[in-house]
Amino acid sequence: MGVSRRTFLTAAAGGSAAAGLAAIGMTAAATTASAASGPGDVVGKVTVGYQGWFACVGDGAPINAWWHYSANNSRPPSPSNTTIVAWPDVRDFTHTYRSAYGNLGNGQPATLFSSYDQQTVDTHFLWMQQNGIDTAALQRFNPTGGEGPTRDAMAVKVRSAAESHGRKFYIMYDVSDWTSMQSEIKADWTNKMKAHTASSAYAKQNGKPVVCVWGFGFADNQRPFDAASCLDVVNWFKGQGCYVIGGVPTWWRTGDRDSRPGFGDVYRAFDMLSPWMVGRIGNVGDADNFYNVATVPDLAECAAHGIDYQPCVLPGAVSLRQRAHGDFMWRQFYNMKRAGVASVYISMFDEYNEGNQIAKTAESTAWLPADSGMLALDEDGTACSSDYYLRLTGDGGRMLKGQIPLTPTRPTQPVISNPGGGTPPSGNLALGKPTSESSHTQVYGSANTTDGNADTYWESANNAFPQWLQVDLGATTTVTRLVLKLPPPTAWTTRTQTISVQTGTSIPLTTQLPAQTYTFNPASGNTVTITLPTAVTARYVRLTITANTGWPAAQLSELEVYSA
């Protein structure tokens, strides 16, 4: 197997927007046609492709290999034995594994995460929660071979993380290299994956559990299935009561280039179409061209046939220097919004093999193995925090949902400044900032909530509600969300606190969110994210706490403030 089963397929970007419709039996659509479905867990939402396919020797995974890290996966990855082209930022993970690369540029050992660790998956879904990502499509390749038990376990881990962090997930079958797909995909759904639809976190659309099949109709040897076999599978899933998404070729509508001819009935059978885009565009000019030759006519064609539309948005490959510190990805979001697209699929969340991941990535050579030859996010000379493409995805989602206006300019800078205090890699505007409080007990003062250490905490006087905690950000800035933490040890049992949020540029402050109850659960890191209904301009952020089921006082270990 090469770097990825989703290989870069080369296709010409030009051509008439309406060319070839007759070749697949479709007609041109009126741009005023209505979308097929109302909002659900995929329509009107931001979905990310989630591989979850990294493992390390010693992590307990059944595969017992450096899965997707090494060409010879019995040995740790090194400069001569690797399948990744971008280096993950692993600072948020509690377990990492030593690679055979030399030390990072900052002298720290070069370690990697394992997707098999539940804390890794929980952290990934926490990032999704913090950045407004609604749904994760768990990639499921042929599960009948040696990878099967590990993939089965990953579905359980993803389910748990989605439930803990209020995200949705669904199974996305990738049929690449799956010889007996037609029968085995049905058995796998019936005997294994269908059980996960009982989860409250399993994505539903139009009241039906969502399943995606990626790869039908591609004109290559990895997916040689004929149209009749593919149509049988689509109709079978629909007969099971599923809402079925098709991950289809870029040129599904015209039935040429990367699409096999004669697949019109297959494409029309899906409830939603999600055309592949990785490898097709690489700069802003390409993105604008595809707006004209693919996005606009695709959307119209789907609307005319009562099919929902979920085009791809990609950050660009780090290794190919495509990202342009966010300009490339933002132009795609801008084009989707001005075309009227409601739903997008981010390609991908954790695809470090192709380098088009949005998950946290080495931000500079200080966080890269010195001998790796890889590029960091600042490869074009513009500093980018490791979470920048998560934040940019959050911005794009808000624009698509109408929460911020349509704009061709990125709302958030690659690195969020920290007035008077340097540049925090996390983008947390409250880090190191002065605090005030209504009271505290013993040594548990409010300064503990902005010290970046979740093990220290503020605790107010007992039996004296209401209590308040306030941070001075040092300058007026945009505030969109807060992340509240309690200490992570399991000794801090689950509790709910009743909290209201006030902000302002001066005192007195204005209430942004009235009192609501928030649950802090050790299983989800004792972390709560509060997203403001609209972005506000503020220097001061105050929390007022009126109840706590775990202790007769207000308690908080970290108050984090973000502009995205």
# chains A, B, ... in the order shown; residues from 1 in each chain; ligands from 1
$ select_by_dssp --residues "region 344-395 of chain A" --states "strand (DSSP E or B)" --output "list in words"
Val344, Tyr345, Ile346, Thr361 and Pro369 of chain A
$ write_last_selection --atoms "N, CA and C atoms" --output "compact mmCIF listing (two decimals), in the first residue's frame"
# COMPACT_ATOMS: atom_id res chain seq x y z
N VAL A 344 -20.62 21.00 3.96
CA VAL A 344 -19.29 20.75 3.40
C VAL A 344 -18.64 19.56 4.10
N TYR A 345 -17.72 18.96 3.38
CA TYR A 345 -16.92 17.84 3.87
C TYR A 345 -15.47 18.27 3.86
N ILE A 346 -14.83 18.31 5.02
CA ILE A 346 -13.44 18.74 5.11
C ILE A 346 -12.54 17.54 4.86
N THR A 361 -0.72 20.57 13.85
CA THR A 361 0.45 20.22 13.04
C THR A 361 1.63 21.08 13.46
N PRO A 369 11.08 16.99 13.63
CA PRO A 369 12.36 16.30 13.74
C PRO A 369 13.37 16.96 12.81
$ closest_atom_pairs --of "region 290-351 of chain A" --to "region 406-411 of chain A" --cutoff "10 Å" --atoms "only C-alpha atoms" --output "Markdown table"
| residue | atom | partner | partner_atom | distance |
| --- | --- | --- | --- | --- |
| A:Gly326 | CA | A:Arg410 | CA | 7.6 |
| A:Asp327 | CA | A:Arg410 | CA | 7.3 |
| A:Met329 | CA | A:Arg410 | CA | 9.5 |
| A:Trp330 | CA | A:Arg410 | CA | 6.3 |
| A:Arg331 | CA | A:Pro408 | CA | 6.7 |
| A:Gln332 | CA | A:Pro408 | CA | 9.6 |
| A:Phe333 | CA | A:Pro408 | CA | 8.8 |
| A:Tyr334 | CA | A:Pro408 | CA | 5.8 |
| A:Asn335 | CA | A:Pro408 | CA | 8.6 |
| A:Lys337 | CA | A:Leu406 | CA | 7.0 |
| A:Arg338 | CA | A:Leu406 | CA | 7.5 |
$ write_last_selection --atoms "N, CA, C and O atoms" --output "PDB file, in the first residue's frame"
ATOM      1  N   GLY A 326      -3.554  29.803   4.896  1.00  0.00           N
ATOM      2  CA  GLY A 326      -5.001  29.829   5.019  1.00  0.00           C
ATOM      3  C   GLY A 326      -5.761  30.428   3.855  1.00  0.00           C
ATOM      4  O   GLY A 326      -6.977  30.231   3.733  1.00  0.00           O
ATOM      5  N   ASP A 327      -5.097  31.165   2.971  1.00  0.00           N
ATOM      6  CA  ASP A 327      -5.805  31.815   1.869  1.00  0.00           C
ATOM      7  C   ASP A 327      -6.472  30.801   0.934  1.00  0.00           C
ATOM      8  O   ASP A 327      -7.582  31.031   0.431  1.00  0.00           O
ATOM      9  N   MET A 329      -7.606  27.684   1.613  1.00  0.00           N
ATOM     10  CA  MET A 329      -8.792  27.082   2.220  1.00  0.00           C
ATOM     11  C   MET A 329      -9.919  28.095   2.352  1.00  0.00           C
ATOM     12  O   MET A 329     -11.091  27.783   2.090  1.00  0.00           O
ATOM     13  N   TRP A 330      -9.570  29.313   2.747  1.00  0.00           N
ATOM     14  CA  TRP A 330     -10.612  30.308   2.930  1.00  0.00           C
ATOM     15  C   TRP A 330     -11.315  30.648   1.612  1.00  0.00           C
ATOM     16  O   TRP A 330     -12.531  30.873   1.583  1.00  0.00           O
ATOM     17  N   ARG A 331     -10.564  30.656   0.504  1.00  0.00           N
ATOM     18  CA  ARG A 331     -11.197  30.955  -0.776  1.00  0.00           C
ATOM     19  C   ARG A 331     -12.247  29.903  -1.113  1.00  0.00           C
ATOM     20  O   ARG A 331     -13.306  30.211  -1.692  1.00  0.00           O
ATOM     21  N   GLN A 332     -11.986  28.661  -0.738  1.00  0.00           N
ATOM     22  CA  GLN A 332     -12.972  27.608  -0.976  1.00  0.00           C
ATOM     23  C   GLN A 332     -14.227  27.840  -0.143  1.00  0.00           C
ATOM     24  O   GLN A 332     -15.348  27.707  -0.636  1.00  0.00           O
ATOM     25  N   PHE A 333     -14.058  28.182   1.143  1.00  0.00           N
ATOM     26  CA  PHE A 333     -15.217  28.493   1.978  1.00  0.00           C
ATOM     27  C   PHE A 333     -16.008  29.657   1.380  1.00  0.00           C
ATOM     28  O   PHE A 333     -17.251  29.625   1.326  1.00  0.00           O
ATOM     29  N   TYR A 334     -15.294  30.681   0.944  1.00  0.00           N
ATOM     30  CA  TYR A 334     -15.947  31.855   0.356  1.00  0.00           C
ATOM     31  C   TYR A 334     -16.750  31.459  -0.877  1.00  0.00           C
ATOM     32  O   TYR A 334     -17.908  31.862  -1.047  1.00  0.00           O
ATOM     33  N   ASN A 335     -16.146  30.636  -1.728  1.00  0.00           N
ATOM     34  CA  ASN A 335     -16.841  30.209  -2.944  1.00  0.00           C
ATOM     35  C   ASN A 335     -18.054  29.341  -2.626  1.00  0.00           C
ATOM     36  O   ASN A 335     -19.086  29.430  -3.303  1.00  0.00           O
ATOM     37  N   LYS A 337     -19.932  29.486   0.069  1.00  0.00           N
ATOM     38  CA  LYS A 337     -20.994  30.338   0.600  1.00  0.00           C
ATOM     39  C   LYS A 337     -21.664  31.152  -0.497  1.00  0.00           C
ATOM     40  O   LYS A 337     -22.901  31.249  -0.546  1.00  0.00           O
ATOM     41  N   ARG A 338     -20.884  31.727  -1.392  1.00  0.00           N
ATOM     42  CA  ARG A 338     -21.507  32.562  -2.421  1.00  0.00           C
ATOM     43  C   ARG A 338     -22.244  31.723  -3.460  1.00  0.00           C
ATOM     44  O   ARG A 338     -23.132  32.242  -4.154  1.00  0.00           O
TER      45      ARG A 338
END
$ residues_around --residues "Trp53 (chain A)" --least-positions-apart "5" --cutoff "10 Å" --atoms "only C-alpha atoms" --output "ChimeraX atom specification"
/A:66-69,114-116,138-140,147,150-151,154,350-351
$ residues_around --residues "Ser199 (chain A)" --least-positions-apart "6" --cutoff "12 Å" --atoms "only C-alpha atoms" --output "PyMOL selection string"
chain A and resi 155-156+158-164+166-170+193+209
$ atom_distance --atom1 "CA of Ala153 (chain A)" --atom2 "CA of Tyr202 (chain A)"
16.1 Å
$ residues_around --residues "region 442-453 of chain A" --least-positions-apart "6" --cutoff "12 Å" --atoms "only C-alpha atoms" --output "VMD selection string"
chain A and resid 424 to 436 459 to 462 467 to 473 483 to 488 542 to 543 553 to 561
$ residues_around --residues "Asp226 (chain A)" --least-positions-apart "6" --cutoff "9 Å" --atoms "only C-alpha atoms" --output "number ranges by chain"
A: 216-217, 263
$ select_by_dssp --residues "region 428-550 of chain A" --states "helix (DSSP H, G or I)" --output "PyMOL selection string"
chain A and resi 446-450+522-524
$ decode --residues "region 255-285 of chain A" --atoms "N, CA, C and O atoms" --output "PDB file, in the first residue's frame"
ATOM      1  N   GLY A 255     -19.601  12.633 -16.306  1.00  0.00           N
ATOM      2  CA  GLY A 255     -19.357  11.227 -16.619  1.00  0.00           C
ATOM      3  C   GLY A 255     -18.092  10.984 -17.397  1.00  0.00           C
ATOM      4  O   GLY A 255     -18.017  10.044 -18.208  1.00  0.00           O
ATOM      5  N   ASP A 256     -17.038  11.807 -17.182  1.00  0.00           N
ATOM      6  CA  ASP A 256     -15.784  11.616 -17.892  1.00  0.00           C
ATOM      7  C   ASP A 256     -14.610  11.881 -16.959  1.00  0.00           C
ATOM      8  O   ASP A 256     -14.786  11.983 -15.746  1.00  0.00           O
ATOM      9  N   ARG A 257     -13.416  11.961 -17.533  1.00  0.00           N
ATOM     10  CA  ARG A 257     -12.184  12.180 -16.780  1.00  0.00           C
ATOM     11  C   ARG A 257     -12.038  11.161 -15.645  1.00  0.00           C
ATOM     12  O   ARG A 257     -11.751  10.009 -15.909  1.00  0.00           O
ATOM     13  N   ASP A 258     -12.279  11.532 -14.391  1.00  0.00           N
ATOM     14  CA  ASP A 258     -12.077  10.553 -13.314  1.00  0.00           C
ATOM     15  C   ASP A 258     -13.314   9.691 -13.069  1.00  0.00           C
ATOM     16  O   ASP A 258     -13.308   8.837 -12.186  1.00  0.00           O
ATOM     17  N   SER A 259     -14.381   9.887 -13.840  1.00  0.00           N
ATOM     18  CA  SER A 259     -15.605   9.116 -13.671  1.00  0.00           C
ATOM     19  C   SER A 259     -15.785   8.110 -14.798  1.00  0.00           C
ATOM     20  O   SER A 259     -15.601   8.444 -15.979  1.00  0.00           O
ATOM     21  N   ARG A 260     -16.172   6.912 -14.465  1.00  0.00           N
ATOM     22  CA  ARG A 260     -16.555   5.938 -15.491  1.00  0.00           C
ATOM     23  C   ARG A 260     -17.859   6.389 -16.145  1.00  0.00           C
ATOM     24  O   ARG A 260     -18.726   6.962 -15.468  1.00  0.00           O
ATOM     25  N   PRO A 261     -18.019   6.137 -17.416  1.00  0.00           N
ATOM     26  CA  PRO A 261     -19.299   6.450 -18.051  1.00  0.00           C
ATOM     27  C   PRO A 261     -20.369   5.451 -17.602  1.00  0.00           C
ATOM     28  O   PRO A 261     -20.060   4.371 -17.109  1.00  0.00           O
ATOM     29  N   GLY A 262     -21.622   5.839 -17.749  1.00  0.00           N
ATOM     30  CA  GLY A 262     -22.708   4.914 -17.471  1.00  0.00           C
ATOM     31  C   GLY A 262     -23.071   4.757 -16.009  1.00  0.00           C
ATOM     32  O   GLY A 262     -23.752   3.799 -15.642  1.00  0.00           O
ATOM     33  N   PHE A 263     -22.621   5.687 -15.145  1.00  0.00           N
ATOM     34  CA  PHE A 263     -22.911   5.595 -13.721  1.00  0.00           C
ATOM     35  C   PHE A 263     -23.986   6.589 -13.268  1.00  0.00           C
ATOM     36  O   PHE A 263     -24.168   6.813 -12.079  1.00  0.00           O
ATOM     37  N   GLY A 264     -24.718   7.185 -14.231  1.00  0.00           N
ATOM     38  CA  GLY A 264     -25.719   8.181 -13.878  1.00  0.00           C
ATOM     39  C   GLY A 264     -26.767   7.657 -12.917  1.00  0.00           C
ATOM     40  O   GLY A 264     -27.159   8.342 -11.962  1.00  0.00           O
ATOM     41  N   ASP A 265     -27.248   6.426 -13.140  1.00  0.00           N
ATOM     42  CA  ASP A 265     -28.265   5.866 -12.244  1.00  0.00           C
ATOM     43  C   ASP A 265     -27.710   5.646 -10.840  1.00  0.00           C
ATOM     44  O   ASP A 265     -28.440   5.786  -9.852  1.00  0.00           O
ATOM     45  N   VAL A 266     -26.440   5.290 -10.736  1.00  0.00           N
ATOM     46  CA  VAL A 266     -25.817   5.100  -9.424  1.00  0.00           C
ATOM     47  C   VAL A 266     -25.756   6.433  -8.690  1.00  0.00           C
ATOM     48  O   VAL A 266     -26.163   6.541  -7.526  1.00  0.00           O
ATOM     49  N   TYR A 267     -25.258   7.459  -9.361  1.00  0.00           N
ATOM     50  CA  TYR A 267     -25.132   8.763  -8.723  1.00  0.00           C
ATOM     51  C   TYR A 267     -26.501   9.301  -8.296  1.00  0.00           C
ATOM     52  O   TYR A 267     -26.645   9.857  -7.202  1.00  0.00           O
ATOM     53  N   ARG A 268     -27.515   9.126  -9.154  1.00  0.00           N
ATOM     54  CA  ARG A 268     -28.843   9.636  -8.829  1.00  0.00           C
ATOM     55  C   ARG A 268     -29.508   8.878  -7.688  1.00  0.00           C
ATOM     56  O   ARG A 268     -30.436   9.375  -7.053  1.00  0.00           O
ATOM     57  N   ALA A 269     -29.030   7.673  -7.399  1.00  0.00           N
ATOM     58  CA  ALA A 269     -29.641   6.859  -6.343  1.00  0.00           C
ATOM     59  C   ALA A 269     -29.253   7.333  -4.947  1.00  0.00           C
ATOM     60  O   ALA A 269     -29.954   7.041  -3.969  1.00  0.00           O
ATOM     61  N   PHE A 270     -28.144   8.050  -4.820  1.00  0.00           N
ATOM     62  CA  PHE A 270     -27.701   8.512  -3.497  1.00  0.00           C
ATOM     63  C   PHE A 270     -28.609   9.630  -2.980  1.00  0.00           C
ATOM     64  O   PHE A 270     -29.180  10.405  -3.748  1.00  0.00           O
ATOM     65  N   ASP A 271     -28.703   9.731  -1.663  1.00  0.00           N
ATOM     66  CA  ASP A 271     -29.424  10.836  -1.039  1.00  0.00           C
ATOM     67  C   ASP A 271     -28.594  12.117  -1.037  1.00  0.00           C
ATOM     68  O   ASP A 271     -29.148  13.215  -1.051  1.00  0.00           O
ATOM     69  N   MET A 272     -27.287  11.968  -0.979  1.00  0.00           N
ATOM     70  CA  MET A 272     -26.365  13.107  -0.975  1.00  0.00           C
ATOM     71  C   MET A 272     -25.142  12.735  -1.787  1.00  0.00           C
ATOM     72  O   MET A 272     -24.689  11.579  -1.743  1.00  0.00           O
ATOM     73  N   LEU A 273     -24.600  13.698  -2.524  1.00  0.00           N
ATOM     74  CA  LEU A 273     -23.373  13.478  -3.279  1.00  0.00           C
ATOM     75  C   LEU A 273     -22.263  14.361  -2.727  1.00  0.00           C
ATOM     76  O   LEU A 273     -22.470  15.540  -2.436  1.00  0.00           O
ATOM     77  N   SER A 274     -21.080  13.755  -2.603  1.00  0.00           N
ATOM     78  CA  SER A 274     -19.911  14.463  -2.083  1.00  0.00           C
ATOM     79  C   SER A 274     -18.746  14.212  -3.029  1.00  0.00           C
ATOM     80  O   SER A 274     -17.994  13.242  -2.875  1.00  0.00           O
ATOM     81  N   PRO A 275     -18.585  15.056  -4.051  1.00  0.00           N
ATOM     82  CA  PRO A 275     -17.518  14.844  -5.042  1.00  0.00           C
ATOM     83  C   PRO A 275     -16.127  15.055  -4.430  1.00  0.00           C
ATOM     84  O   PRO A 275     -15.914  15.996  -3.659  1.00  0.00           O
ATOM     85  N   TRP A 276     -15.187  14.204  -4.792  1.00  0.00           N
ATOM     86  CA  TRP A 276     -13.810  14.268  -4.280  1.00  0.00           C
ATOM     87  C   TRP A 276     -13.077  15.439  -4.926  1.00  0.00           C
ATOM     88  O   TRP A 276     -13.314  15.790  -6.079  1.00  0.00           O
ATOM     89  N   MET A 277     -12.163  16.045  -4.159  1.00  0.00           N
ATOM     90  CA  MET A 277     -11.485  17.232  -4.666  1.00  0.00           C
ATOM     91  C   MET A 277      -9.982  17.218  -4.412  1.00  0.00           C
ATOM     92  O   MET A 277      -9.238  17.984  -5.035  1.00  0.00           O
ATOM     93  N   VAL A 278      -9.496  16.358  -3.510  1.00  0.00           N
ATOM     94  CA  VAL A 278      -8.059  16.337  -3.220  1.00  0.00           C
ATOM     95  C   VAL A 278      -7.291  15.986  -4.488  1.00  0.00           C
ATOM     96  O   VAL A 278      -7.615  15.016  -5.190  1.00  0.00           O
ATOM     97  N   GLY A 279      -6.256  16.760  -4.776  1.00  0.00           N
ATOM     98  CA  GLY A 279      -5.465  16.534  -5.970  1.00  0.00           C
ATOM     99  C   GLY A 279      -5.984  17.238  -7.206  1.00  0.00           C
ATOM    100  O   GLY A 279      -5.337  17.222  -8.252  1.00  0.00           O
ATOM    101  N   ARG A 280      -7.178  17.845  -7.100  1.00  0.00           N
ATOM    102  CA  ARG A 280      -7.757  18.521  -8.256  1.00  0.00           C
ATOM    103  C   ARG A 280      -7.448  20.014  -8.253  1.00  0.00           C
ATOM    104  O   ARG A 280      -7.404  20.643  -9.300  1.00  0.00           O
ATOM    105  N   ILE A 281      -7.327  20.594  -7.062  1.00  0.00           N
ATOM    106  CA  ILE A 281      -7.034  22.017  -6.948  1.00  0.00           C
ATOM    107  C   ILE A 281      -5.858  22.207  -6.001  1.00  0.00           C
ATOM    108  O   ILE A 281      -5.659  21.400  -5.080  1.00  0.00           O
ATOM    109  N   GLY A 282      -5.080  23.269  -6.228  1.00  0.00           N
ATOM    110  CA  GLY A 282      -3.916  23.484  -5.390  1.00  0.00           C
ATOM    111  C   GLY A 282      -3.613  24.934  -5.079  1.00  0.00           C
ATOM    112  O   GLY A 282      -2.662  25.219  -4.361  1.00  0.00           O
ATOM    113  N   ASN A 283      -4.451  25.850  -5.607  1.00  0.00           N
ATOM    114  CA  ASN A 283      -4.236  27.266  -5.319  1.00  0.00           C
ATOM    115  C   ASN A 283      -5.552  28.009  -5.479  1.00  0.00           C
ATOM    116  O   ASN A 283      -6.574  27.426  -5.881  1.00  0.00           O
ATOM    117  N   VAL A 284      -5.534  29.296  -5.157  1.00  0.00           N
ATOM    118  CA  VAL A 284      -6.749  30.103  -5.195  1.00  0.00           C
ATOM    119  C   VAL A 284      -7.337  30.156  -6.604  1.00  0.00           C
ATOM    120  O   VAL A 284      -8.552  30.103  -6.787  1.00  0.00           O
ATOM    121  N   GLY A 285      -6.479  30.244  -7.610  1.00  0.00           N
ATOM    122  CA  GLY A 285      -6.965  30.267  -8.984  1.00  0.00           C
ATOM    123  C   GLY A 285      -7.725  29.001  -9.342  1.00  0.00           C
ATOM    124  O   GLY A 285      -8.778  29.052  -9.986  1.00  0.00           O
TER     125      GLY A 285
END
